[in-house]
Protein chains: 2
Amino acid sequence: MIRISVDLMGGDHGPEVVVPGVALALERHPEIHFALFGLEEACAPVLAKYPALREAATFTACEVAVRMDDKPSQALRHGRYKSSMWRAIEAVKAGDADVCVSAGNTGALMAMSKFCLRTMANIERPAIAAIWPTLRGESIVLDVGATVGADAQQLIDFTMMGAAMARALFDVDKPSVGLLNIGVEEIKGQEEVKEAGRLIREAAMPSLDYYGFVEGDDLGKGTVDVVVTEGFTGNIALKTAEGTARQIAEYLRAAMSRTFMARIGYIFAKSAFDRLREKMDPGKVNGGVFLGLNGIVIKSHGGADADGLAAAVDVGYDMARNNLKAKIEHDLNLFHNRRSALAAAATDASSN
Amino acid sequence: MIRISVDLMGGDHGPEVVVPGVALALERHPEIHFALFGLEEACAPVLAKYPALREAATFTACEVAVRMDDKPSQALRHGRYKSSMWRAIEAVKAGDADVCVSAGNTGALMAMSKFCLRTMANIERPAIAAIWPTLRGESIVLDVGATVGADAQQLIDFTMMGAAMARALFDVDKPSVGLLNIGVEEIKGQEEVKEAGRLIREAAMPSLDYYGFVEGDDLGKGTVDVVVTEGFTGNIALKTAEGTARQIAEYLRAAMSRTFMARIGYIFAKSAFDRLREKMDPGKVNGGVFLGLNGIVIKSHGGADADGLAAAVDVGYDMARNNLKAKIEHDLNLFHNRRSALAAAATDASSN
């Protein structure tokens, strides 16, 4: 059985959208047990409309809901221990849930997750992993905003965590991993990136296939399964891609309404356009995943509809079923053992 | 009279595309005097087809052409002093040209430009500015790859240079400027970015309107006229946007050919699609501009057609006509004077 805790109060529409999303996920995976957290008066009427979910889930009434515009410090001050967000995260810590899902605000969710779950052994800072739509399918990109200015060791941690997540989510034994870098030849890129690349290549991990450096346009191409970068660049790349998609959608809308012929063309091609819009909709590509904590927390897109929320639950389901946390711990240990062995060998060689 | 030097040998197609591009620019601006540089045997036959250009321009035969795959060090070794690229840059240094245009490889062009022209007084590192298509028109984004890891002072230099370029290129007296930052609330962004923002706001420059921080999706929206960032993030944002545009173009192509109805729709809407393709074509948005050197060098897109090259020349024409270099020098001096005055006032206040 997979157990998932859900904060019903998050997102732009709260339980009105989160509850139907969870109900949809339950239809797809009847073996999930849901632990739901929310304000009684907001959730009870919506839950009443989904008797199958009400039957298969536990609901815990909470006193407080974290608001979408709460600063992390505010959320911690008035929501720690008693908000639906906190209680959903705490269920993971207590061992009552394998994964927590919330559509609440990212800053508050990360602050509470760090405070409640703490980082894993050997991990200094957590990362947020995004699932990125590509021409080849989907890739995992991390970090997209948790850690500004990661050093080489943190980039290596992200690499191990991202590769483990790719094995849990995609049907691949040895995912390819690239480090995001720049292509202007005279500059060899950030020192941290070069150092991380060297160490990852040396360790020759069985859990991943190290590709080398990739550039910004490799994200959309899907050149590798996992793209690793520090959080400042990753966040800007993610938002730049979202902004470009919206910009082109707007160009397309304007182009299709400008002339009579184009409007006729639009009518004929409407279903094709609808499918395209779905591909370009950031709400469909759901599930920013917090990695590196003692438990997995999934941030669902705040503006997502029920389909989007169900997709985030699907991601959590796959990760729990594939025991992502144990995979990450195993890979990190293996990496550190190999590093130690390599370092010891180097010392031996130099002392002989 | 505006004088522009052009390296005819650069780009994927060399003089076959560069010469027609220059001829097109001459038609639009008959007052430009062109100083052209290239290999005699490659350029003479093409130039012969454009008698008006041949008449209005000087052509200097050179011994060497820098190759598109030359590393910067290789290009400097075999091309310094004698390649068409070097000679075109040198014409700016010698005062024989106001601006240099080349479609040659970015690394080699930057290395040669730095070596030949040197950085301006008070500028530590040059920047590459891109002209970014937005929903509101165009913005200037810098740096897109010259300087990895800029400090606060370098970000301020980029701000002054970008604002001066915006005044030269766009019809605006006081361009709005934003610093690229991330939006995850718990993290306030890079220290350098915060420090630069504080100093720019304090200086209250008459040459620009400081907007504050912007995020990745503000690039496509065109929230500000000038977006400032260091070169690693800027390069990745630029390539991510290009990659996303190509990805969506591919989705669109696939969607429009999948069903019979969609194919009919495509026929009706073809001219609208053609216009859209033009908007999304990176070759049309031309002219990466090197700023911060003792002379202006424009890198035209290597894959651009004659229209693209002419657009790069247009950018150079506008910058020379508006005396961009003097504007930058003036603004940098003004900023440093204001900083000194503010620092002196602060010292006075604390000693009283």
# chains A, B, ... in the order shown; residues from 1 in each chain; ligands from 1

call {"tool": "closest_atom_pairs", "arguments": {"of": "region 104-145 of chain B", "to": "region 74-96 of chain B", "cutoff": "9 Å", "atoms": "only C-alpha atoms", "output": "Markdown table"}}
result
| residue | atom | partner | partner_atom | distance |
| --- | --- | --- | --- | --- |
| B:Gly104 | CA | B:Met85 | CA | 7.6 |
| B:Ala108 | CA | B:Ala75 | CA | 5.8 |
| B:Leu109 | CA | B:Met85 | CA | 7.2 |
| B:Ala111 | CA | B:Leu76 | CA | 7.4 |
| B:Met112 | CA | B:Trp86 | CA | 6.5 |
| B:Ser113 | CA | B:Ile89 | CA | 6.5 |
| B:Phe115 | CA | B:Leu76 | CA | 8.9 |
| B:Cys116 | CA | B:Glu90 | CA | 6.6 |
| B:Leu117 | CA | B:Lys93 | CA | 6.0 |

call {"tool": "interface_residues", "arguments": {"of": "chain A", "to": "chain B", "cutoff": "7 Å", "atoms": "only C-alpha atoms", "output": "JSON, numbers by chain"}}
result
{"A": [71, 72, 106, 107, 135, 145, 148, 182, 184, 185, 186, 189, 190, 215, 216, 217, 218, 219, 220, 221, 232, 233, 235, 236, 237, 239, 240, 241, 242, 243, 244, 245, 247, 251, 252, 255, 256, 261, 262, 264, 265, 266, 268, 269, 272, 276]}

call {"tool": "residues_around", "arguments": {"residues": "region 290-292 of chain A", "least_positions_apart": "2", "cutoff": "9 Å", "atoms": "only C-alpha atoms", "output": "PyMOL selection string"}}
result
chain A and resi 110+113+118-121+123-129+146+157-158+161-162+165+288+294-299+325+328

call {"tool": "closest_residue", "arguments": {"among": "A:Gly38, A:Pro20, A:Pro30, A:Gly137", "to": "Val6 (chain A)", "atoms": "only C-alpha atoms"}}
result
A:Gly38

call {"tool": "residues_around", "arguments": {"residues": "Leu53 (chain A)", "least_positions_apart": "3", "cutoff": "10 Å", "atoms": "only C-alpha atoms", "output": "PyMOL selection string"}}
result
chain A and resi 19-20+22-27+30+33-34+47-50+56-58

call {"tool": "select_by_dssp", "arguments": {"residues": "region 85-324 of chain B", "states": "helix (DSSP H, G or I)", "output": "PyMOL selection string"}}
result
chain B and resi 85-93+106-117+152-169+191-203+216-221+231-258+260-268+270-280+306-321+324
